[in-house]
Amino acid sequence: MSRTAAEIATQPACWHRAAEAALTFDGLPRPGERVAVTGCGTSWFMAIAYAALREAAGQGETDAFASSEFPAGRKYDRVVAITRSGTTTEVLELLGELKGVVPTTALTADPKTPIMDAADSVAVLDWADEESVVQTRFATTALAFLRAGLGEIPGVKSVADAAVDAELAVSEPLPPAVLAAEQWTFLGRGWTYGLALEAALKMREAAGAWTESYPAMEYRHGPISITGPGRVAWMFGVLPEGLAGDVARVGGELVAREEADPLADLIRAQRLAVALAEARGFDPDRPRNLTRSVILG
């Protein structure tokens, strides 16, 4: 078993611990605050998901930006940064610019890094850190931590219930048609669009696979032209009306687990990325052209 696969399997326990830790952490955004969430790569996609969840919970306007694209001069009550390594250049530079201007909170896996001084408040999730370059459990645990801090969200399961769904997701067999496909398109709506982006990234990082991701309602505005026999359309969350019929009409393979929490469903996509990498002779622990942290200069 690869290190990545072993880390994927620990996510249910990590989410339970994250839900408990969120209850005692004082640096989370408060209801009514205008918040921006930021990160790079996978962390940015988790930021997108959290921003949509926070607004769905009715806790205030929440934006998400890649750290390199953060809008200068825009006013927020708090900025939340997600950074597994605590060393990513764009995140540290942004927090430096915001120091003394707006309160900042960071989530990290490594307390021995510059992020500890760069942010005003830091949640250290070191028990969810990873040896693999490809992020899996830290990213989902960070989102579980932030999600748990929102309390009850209409139409969204609790983190504890999501962890129960994750127990099945780490062990159930993957559909043969999904394993044998040549192309995968991941779709989401609201907070699950961030998960769709992340699923596609995992497949590209680990396996060099041809993957794309879109808001579900945009899929029929062009991207459906990609789908056909031997190609997958994978929906996170509830299927939009008519989408199943449209995928069937063009001969594609539809994947949709509407009863499962979408974050748990992301685990299945992570496992698919590892399985595909191994089938192609790649090492999922050491993806091509990538490092654990991007440090510029």
# chains A, B, ... in the order shown; residues from 1 in each chain; ligands from 1

$ residues_around --residues "Leu195 in chain A" --least-positions-apart "6" --cutoff "12 Å" --atoms "only C-alpha atoms" --output "number ranges by chain"
A: 42-50, 52-53, 136, 139-140, 143, 186-189, 201-202, 213-216, 234-237, 261-270

$ residues_around --residues "range 4-6 of chain A" --least-positions-apart "5" --cutoff "8 Å" --atoms "only C-alpha atoms" --output "list in words"
Glu131, Ser132, Val134, Thr136, Arg271, Val274, Pro284 and Asp285 of chain A

$ atom_distance --atom1 "CA of Leu98 in chain A" --atom2 "CA of Ala144 in chain A"
25.5 Å

$ closest_atom_pairs --of "range 126-208 of chain A" --to "range 77-95 of chain A" --cutoff "10 Å" --atoms "only C-alpha atoms" --output "JSON lines"
{"residue": "A:Asp126", "atom": "CA", "partner": "A:Arg84", "partner_atom": "CA", "distance": 9.0}
{"residue": "A:Ala128", "atom": "CA", "partner": "A:Arg84", "partner_atom": "CA", "distance": 9.3}
{"residue": "A:Asp129", "atom": "CA", "partner": "A:Arg84", "partner_atom": "CA", "distance": 7.3}
{"residue": "A:Glu130", "atom": "CA", "partner": "A:Arg84", "partner_atom": "CA", "distance": 8.8}
{"residue": "A:Gln135", "atom": "CA", "partner": "A:Arg84", "partner_atom": "CA", "distance": 8.4}
{"residue": "A:Phe138", "atom": "CA", "partner": "A:Arg84", "partner_atom": "CA", "distance": 6.8}
{"residue": "A:Ala139", "atom": "CA", "partner": "A:Arg84", "partner_atom": "CA", "distance": 7.7}
{"residue": "A:Ala142", "atom": "CA", "partner": "A:Ile82", "partner_atom": "CA", "distance": 7.6}
{"residue": "A:Leu143", "atom": "CA", "partner": "A:Ile82", "partner_atom": "CA", "distance": 9.3}
{"residue": "A:Leu146", "atom": "CA", "partner": "A:Val80", "partner_atom": "CA", "distance": 9.9}

$ residues_around --residues "Leu150 in chain A" --least-positions-apart "6" --cutoff "12 Å" --atoms "only C-alpha atoms" --output "ChimeraX atom specification"
/A:19,22-23,28-32,50-60,143-144,156-159

$ write_last_selection --atoms "N, CA and C atoms" --output "compact mmCIF listing (two decimals), in the first residue's frame"
# COMPACT_ATOMS: atom_id res chain seq x y z
N ALA A 19 -13.87 17.77 14.41
CA ALA A 19 -15.14 18.28 14.95
C ALA A 19 -15.01 18.61 16.42
N ALA A 22 -12.70 21.87 16.84
CA ALA A 22 -13.34 23.13 16.45
C ALA A 22 -14.15 23.74 17.59
N LEU A 23 -14.62 22.91 18.49
CA LEU A 23 -15.46 23.40 19.59
C LEU A 23 -14.69 24.28 20.56
N LEU A 28 -11.99 31.05 14.99
CA LEU A 28 -12.85 30.91 13.82
C LEU A 28 -13.69 32.16 13.58
N PRO A 29 -14.09 32.40 12.33
CA PRO A 29 -14.95 33.56 12.05
C PRO A 29 -16.22 33.52 12.88
N ARG A 30 -16.67 34.69 13.29
CA ARG A 30 -17.89 34.79 14.08
C ARG A 30 -19.07 35.13 13.16
N PRO A 31 -20.26 34.70 13.54
CA PRO A 31 -21.44 35.02 12.72
C PRO A 31 -21.55 36.53 12.49
N GLY A 32 -21.81 36.89 11.25
CA GLY A 32 -21.95 38.29 10.89
C GLY A 32 -20.69 38.93 10.35
N TYR A 50 -15.62 25.97 1.81
CA TYR A 50 -15.98 26.55 3.10
C TYR A 50 -16.74 27.87 2.93
N ALA A 51 -16.32 28.67 1.97
CA ALA A 51 -17.01 29.95 1.75
C ALA A 51 -18.48 29.72 1.43
N ALA A 52 -18.76 28.74 0.57
CA ALA A 52 -20.15 28.45 0.23
C ALA A 52 -20.90 27.87 1.42
N LEU A 53 -20.26 27.02 2.21
CA LEU A 53 -20.90 26.46 3.40
C LEU A 53 -21.23 27.55 4.41
N ARG A 54 -20.32 28.48 4.61
CA ARG A 54 -20.56 29.54 5.60
C ARG A 54 -21.74 30.41 5.19
N GLU A 55 -21.84 30.73 3.93
CA GLU A 55 -22.98 31.51 3.47
C GLU A 55 -24.27 30.69 3.57
N ALA A 56 -24.20 29.39 3.28
CA ALA A 56 -25.38 28.53 3.41
C ALA A 56 -25.84 28.44 4.86
N ALA A 57 -24.91 28.57 5.78
CA ALA A 57 -25.24 28.55 7.20
C ALA A 57 -25.78 29.88 7.69
N GLY A 58 -25.80 30.88 6.82
CA GLY A 58 -26.33 32.19 7.19
C GLY A 58 -25.42 32.98 8.10
N GLN A 59 -24.11 32.72 8.02
CA GLN A 59 -23.20 33.37 8.97
C GLN A 59 -22.49 34.59 8.41
N GLY A 60 -22.76 34.93 7.15
CA GLY A 60 -22.19 36.15 6.63
C GLY A 60 -21.53 35.99 5.28
N LEU A 143 -11.21 21.26 6.11
CA LEU A 143 -12.58 21.63 5.77
C LEU A 143 -13.56 21.12 6.83
N ALA A 144 -13.33 19.91 7.33
CA ALA A 144 -14.19 19.38 8.39
C ALA A 144 -14.12 20.25 9.64
N VAL A 156 -27.20 20.02 5.01
CA VAL A 156 -25.84 19.46 5.06
C VAL A 156 -25.71 18.63 6.33
N LYS A 157 -25.12 17.46 6.21
CA LYS A 157 -24.94 16.59 7.36
C LYS A 157 -23.94 17.18 8.35
N SER A 158 -24.00 16.71 9.58
CA SER A 158 -22.98 17.07 10.55
C SER A 158 -21.67 16.41 10.16
N VAL A 159 -20.56 16.93 10.69
CA VAL A 159 -19.27 16.32 10.40
C VAL A 159 -19.22 14.89 10.94

$ closest_residue --among "A:Ala118, A:Ala18, A:Ala72, A:Ala209" --to "Gly96 in chain A" --atoms "only C-alpha atoms"
A:Ala118

$ select_by_dssp --residues "range 81-295 of chain A" --states "strand (DSSP E or B)" --output "PyMOL selection string"
chain A and resi 81-82+104-108+121-124+153+156+183-188+211-215+231-236+253-256

$ write_last_selection --atoms "N, CA, C and O atoms" --output "compact mmCIF listing (two decimals), in the first residue's frame"
# COMPACT_ATOMS: atom_id res chain seq x y z
N ALA A 81 -6.63 31.66 6.25
CA ALA A 81 -5.69 31.05 5.30
C ALA A 81 -5.51 29.58 5.62
O ALA A 81 -5.36 29.21 6.79
N ILE A 82 -5.53 28.75 4.59
CA ILE A 82 -5.29 27.31 4.75
C ILE A 82 -3.96 26.99 4.09
O ILE A 82 -3.75 27.28 2.91
N THR A 104 -6.32 37.81 11.19
CA THR A 104 -6.10 36.65 10.33
C THR A 104 -6.05 35.37 11.15
O THR A 104 -5.55 35.35 12.28
N THR A 105 -6.56 34.31 10.55
CA THR A 105 -6.53 32.97 11.13
C THR A 105 -5.93 32.02 10.11
O THR A 105 -6.24 32.11 8.91
N ALA A 106 -5.06 31.14 10.55
CA ALA A 106 -4.46 30.15 9.64
C ALA A 106 -4.71 28.74 10.16
O ALA A 106 -4.76 28.51 11.37
N LEU A 107 -4.87 27.82 9.22
CA LEU A 107 -4.92 26.39 9.52
C LEU A 107 -3.69 25.75 8.90
O LEU A 107 -3.42 25.96 7.70
N THR A 108 -2.94 24.99 9.68
CA THR A 108 -1.71 24.39 9.18
C THR A 108 -1.51 23.03 9.80
O THR A 108 -2.13 22.68 10.81
N SER A 121 -3.96 34.13 14.64
CA SER A 121 -4.45 32.95 15.33
C SER A 121 -4.20 31.75 14.43
O SER A 121 -4.42 31.83 13.21
N VAL A 122 -3.71 30.65 15.00
CA VAL A 122 -3.36 29.48 14.20
C VAL A 122 -3.97 28.22 14.80
O VAL A 122 -3.81 27.94 16.00
N ALA A 123 -4.67 27.46 13.98
CA ALA A 123 -5.16 26.14 14.36
C ALA A 123 -4.18 25.11 13.78
O ALA A 123 -4.03 25.02 12.56
N VAL A 124 -3.51 24.38 14.65
CA VAL A 124 -2.52 23.40 14.22
C VAL A 124 -3.19 22.02 14.18
O VAL A 124 -3.54 21.46 15.21
N ILE A 153 -26.06 23.30 9.45
CA ILE A 153 -26.20 23.93 8.14
C ILE A 153 -27.38 23.27 7.43
O ILE A 153 -27.40 22.05 7.28
N VAL A 156 -27.20 20.02 5.01
CA VAL A 156 -25.84 19.46 5.06
C VAL A 156 -25.71 18.63 6.33
O VAL A 156 -26.11 19.06 7.41
N GLN A 183 -11.48 9.21 -19.37
CA GLN A 183 -11.64 10.63 -19.06
C GLN A 183 -12.71 10.80 -17.99
O GLN A 183 -13.68 10.03 -17.95
N TRP A 184 -12.52 11.80 -17.08
CA TRP A 184 -13.44 12.00 -15.96
C TRP A 184 -13.75 13.50 -15.84
O TRP A 184 -12.85 14.34 -15.83
N THR A 185 -15.04 13.82 -15.74
CA THR A 185 -15.48 15.20 -15.51
C THR A 185 -16.20 15.24 -14.16
O THR A 185 -17.16 14.51 -13.94
N PHE A 186 -15.72 16.10 -13.26
CA PHE A 186 -16.30 16.20 -11.92
C PHE A 186 -17.17 17.45 -11.81
O PHE A 186 -16.78 18.53 -12.29
N LEU A 187 -18.34 17.29 -11.18
CA LEU A 187 -19.34 18.35 -11.14
C LEU A 187 -19.79 18.58 -9.70
O LEU A 187 -19.82 17.66 -8.88
N GLY A 188 -20.16 19.82 -9.40
CA GLY A 188 -20.68 20.14 -8.08
C GLY A 188 -21.54 21.38 -8.13
O GLY A 188 -21.52 22.14 -9.11
N THR A 211 -8.74 15.08 -16.70
CA THR A 211 -9.91 15.39 -15.88
C THR A 211 -10.26 16.85 -16.02
O THR A 211 -9.40 17.71 -16.23
N GLU A 212 -11.55 17.13 -15.86
CA GLU A 212 -12.05 18.51 -15.87
C GLU A 212 -13.07 18.66 -14.75
O GLU A 212 -13.53 17.66 -14.18
N SER A 213 -13.43 19.89 -14.42
CA SER A 213 -14.40 20.13 -13.35
C SER A 213 -15.18 21.39 -13.66
O SER A 213 -14.62 22.37 -14.16
N TYR A 214 -16.49 21.35 -13.32
CA TYR A 214 -17.38 22.46 -13.65
C TYR A 214 -18.50 22.56 -12.61
O TYR A 214 -18.86 21.56 -11.97
N PRO A 215 -19.10 23.74 -12.48
CA PRO A 215 -20.39 23.80 -11.78
C PRO A 215 -21.38 22.93 -12.55
O PRO A 215 -21.41 22.96 -13.79
N ARG A 231 -16.17 7.39 -20.84
CA ARG A 231 -15.89 8.64 -20.13
C ARG A 231 -16.92 8.85 -19.03
O ARG A 231 -18.08 8.45 -19.18
N VAL A 232 -16.49 9.47 -17.94
CA VAL A 232 -17.29 9.54 -16.72
C VAL A 232 -17.70 10.98 -16.41
O VAL A 232 -16.90 11.91 -16.57
N ALA A 233 -18.94 11.14 -15.97
CA ALA A 233 -19.41 12.39 -15.36
C ALA A 233 -19.73 12.06 -13.90
O ALA A 233 -20.59 11.21 -13.63
N TRP A 234 -19.03 12.70 -12.98
CA TRP A 234 -19.11 12.37 -11.56
C TRP A 234 -19.68 13.57 -10.82
O TRP A 234 -19.09 14.63 -10.81
N MET A 235 -20.85 13.39 -10.20
CA MET A 235 -21.53 14.48 -9.50
C MET A 235 -21.35 14.36 -8.00
O MET A 235 -21.60 13.30 -7.41
N PHE A 236 -20.91 15.44 -7.35
CA PHE A 236 -20.85 15.51 -5.90
C PHE A 236 -22.14 16.15 -5.38
O PHE A 236 -22.42 17.31 -5.68
N GLU A 253 -20.77 7.48 -18.55
CA GLU A 253 -21.00 6.76 -17.29
C GLU A 253 -21.21 7.80 -16.19
O GLU A 253 -20.34 8.62 -15.92
N LEU A 254 -22.39 7.75 -15.58
CA LEU A 254 -22.71 8.70 -14.51
C LEU A 254 -22.36 8.10 -13.15
O LEU A 254 -22.71 6.96 -12.85
N VAL A 255 -21.68 8.88 -12.32
CA VAL A 255 -21.41 8.51 -10.93
C VAL A 255 -22.08 9.54 -10.05
O VAL A 255 -21.82 10.75 -10.16
N ALA A 256 -22.96 9.10 -9.17
CA ALA A 256 -23.66 10.00 -8.26
C ALA A 256 -24.05 9.22 -7.02
O ALA A 256 -24.76 8.21 -7.12

$ closest_residue --among "A:Gly100, A:Arg137, A:Val178, A:Cys40" --to "Arg3 in chain A" --atoms "only C-alpha atoms"
A:Arg137

$ closest_residue --among "A:Thr192, A:Asp165, A:Ser2, A:Leu272" --to "Leu239 in chain A" --atoms "only C-alpha atoms"
A:Thr192

$ decode --residues "range 218-296 of chain A" --atoms "C-alpha atoms" --output "mmCIF file, in the first residue's frame"
data_model
loop_
_atom_site.group_PDB
_atom_site.id
_atom_site.type_symbol
_atom_site.label_atom_id
_atom_site.label_comp_id
_atom_site.auth_asym_id
_atom_site.auth_seq_id
_atom_site.Cartn_x
_atom_site.Cartn_y
_atom_site.Cartn_z
ATOM 1 C CA GLU A 218 -22.677 24.704 -16.562
ATOM 2 C CA TYR A 219 -21.932 21.162 -17.711
ATOM 3 C CA ARG A 220 -24.608 21.242 -20.411
ATOM 4 C CA HIS A 221 -23.308 24.591 -21.703
ATOM 5 C CA GLY A 222 -20.459 22.966 -23.618
ATOM 6 C CA PRO A 223 -18.509 20.519 -21.415
ATOM 7 C CA ILE A 224 -20.978 17.692 -22.042
ATOM 8 C CA SER A 225 -19.440 17.496 -25.510
ATOM 9 C CA ILE A 226 -16.467 15.750 -23.878
ATOM 10 C CA THR A 227 -18.592 12.945 -22.443
ATOM 11 C CA GLY A 228 -19.226 9.710 -24.323
ATOM 12 C CA PRO A 229 -18.558 5.979 -24.119
ATOM 13 C CA GLY A 230 -15.616 5.249 -21.822
ATOM 14 C CA ARG A 231 -15.890 8.637 -20.129
ATOM 15 C CA VAL A 232 -17.291 9.541 -16.717
ATOM 16 C CA ALA A 233 -19.409 12.387 -15.357
ATOM 17 C CA TRP A 234 -19.114 12.365 -11.556
ATOM 18 C CA MET A 235 -21.531 14.479 -9.498
ATOM 19 C CA PHE A 236 -20.854 15.506 -5.903
ATOM 20 C CA GLY A 237 -24.151 15.902 -4.065
ATOM 21 C CA VAL A 238 -27.676 16.054 -5.462
ATOM 22 C CA LEU A 239 -28.062 15.631 -9.219
ATOM 23 C CA PRO A 240 -29.681 18.523 -11.089
ATOM 24 C CA GLU A 241 -32.928 17.543 -12.769
ATOM 25 C CA GLY A 242 -32.412 15.964 -16.178
ATOM 26 C CA LEU A 243 -28.662 15.554 -15.870
ATOM 27 C CA ALA A 244 -28.747 11.763 -15.591
ATOM 28 C CA GLY A 245 -30.718 11.510 -18.810
ATOM 29 C CA ASP A 246 -28.359 13.830 -20.623
ATOM 30 C CA VAL A 247 -25.286 11.801 -19.617
ATOM 31 C CA ALA A 248 -27.032 8.592 -20.690
ATOM 32 C CA ARG A 249 -28.005 10.151 -24.012
ATOM 33 C CA VAL A 250 -24.376 10.791 -24.964
ATOM 34 C CA GLY A 251 -23.239 7.367 -23.762
ATOM 35 C CA GLY A 252 -21.312 8.475 -20.686
ATOM 36 C CA GLU A 253 -20.996 6.759 -17.294
ATOM 37 C CA LEU A 254 -22.708 8.703 -14.508
ATOM 38 C CA VAL A 255 -21.408 8.513 -10.932
ATOM 39 C CA ALA A 256 -23.660 10.003 -8.259
ATOM 40 C CA ARG A 257 -23.943 9.046 -4.603
ATOM 41 C CA GLU A 258 -26.681 11.409 -3.466
ATOM 42 C CA GLU A 259 -27.170 9.623 -0.148
ATOM 43 C CA ALA A 260 -23.518 10.007 0.886
ATOM 44 C CA ASP A 261 -21.992 13.173 2.248
ATOM 45 C CA PRO A 262 -20.112 14.811 -0.655
ATOM 46 C CA LEU A 263 -16.917 15.130 1.401
ATOM 47 C CA ALA A 264 -17.014 11.368 1.939
ATOM 48 C CA ASP A 265 -17.567 10.907 -1.776
ATOM 49 C CA LEU A 266 -14.348 12.871 -2.374
ATOM 50 C CA ILE A 267 -12.533 10.009 -0.647
ATOM 51 C CA ARG A 268 -13.668 7.687 -3.439
ATOM 52 C CA ALA A 269 -12.192 10.083 -5.997
ATOM 53 C CA GLN A 270 -8.926 10.157 -4.020
ATOM 54 C CA ARG A 271 -8.842 6.367 -4.040
ATOM 55 C CA LEU A 272 -9.522 6.344 -7.764
ATOM 56 C CA ALA A 273 -6.559 8.672 -8.322
ATOM 57 C CA VAL A 274 -4.257 6.319 -6.417
ATOM 58 C CA ALA A 275 -5.584 3.215 -8.189
ATOM 59 C CA LEU A 276 -5.173 4.829 -11.590
ATOM 60 C CA ALA A 277 -1.656 6.034 -10.764
ATOM 61 C CA GLU A 278 -0.600 2.549 -9.739
ATOM 62 C CA ALA A 279 -2.178 1.020 -12.852
ATOM 63 C CA ARG A 280 -0.166 3.432 -14.982
ATOM 64 C CA GLY A 281 3.081 2.662 -13.179
ATOM 65 C CA PHE A 282 3.276 5.984 -11.317
ATOM 66 C CA ASP A 283 4.170 6.462 -7.659
ATOM 67 C CA PRO A 284 1.247 8.315 -6.021
ATOM 68 C CA ASP A 285 3.498 9.326 -3.106
ATOM 69 C CA ARG A 286 5.883 11.138 -5.464
ATOM 70 C CA PRO A 287 3.902 12.810 -8.233
ATOM 71 C CA ARG A 288 5.736 14.155 -11.248
ATOM 72 C CA ASN A 289 6.831 17.813 -11.207
ATOM 73 C CA LEU A 290 5.446 18.509 -7.716
ATOM 74 C CA THR A 291 6.852 19.286 -4.277
ATOM 75 C CA ARG A 292 5.232 19.420 -0.851
ATOM 76 C CA SER A 293 5.292 23.229 -0.800
ATOM 77 C CA VAL A 294 5.806 25.913 -3.436
ATOM 78 C CA ILE A 295 8.484 28.289 -2.158
ATOM 79 C CA LEU A 296 9.361 31.025 -4.639
#
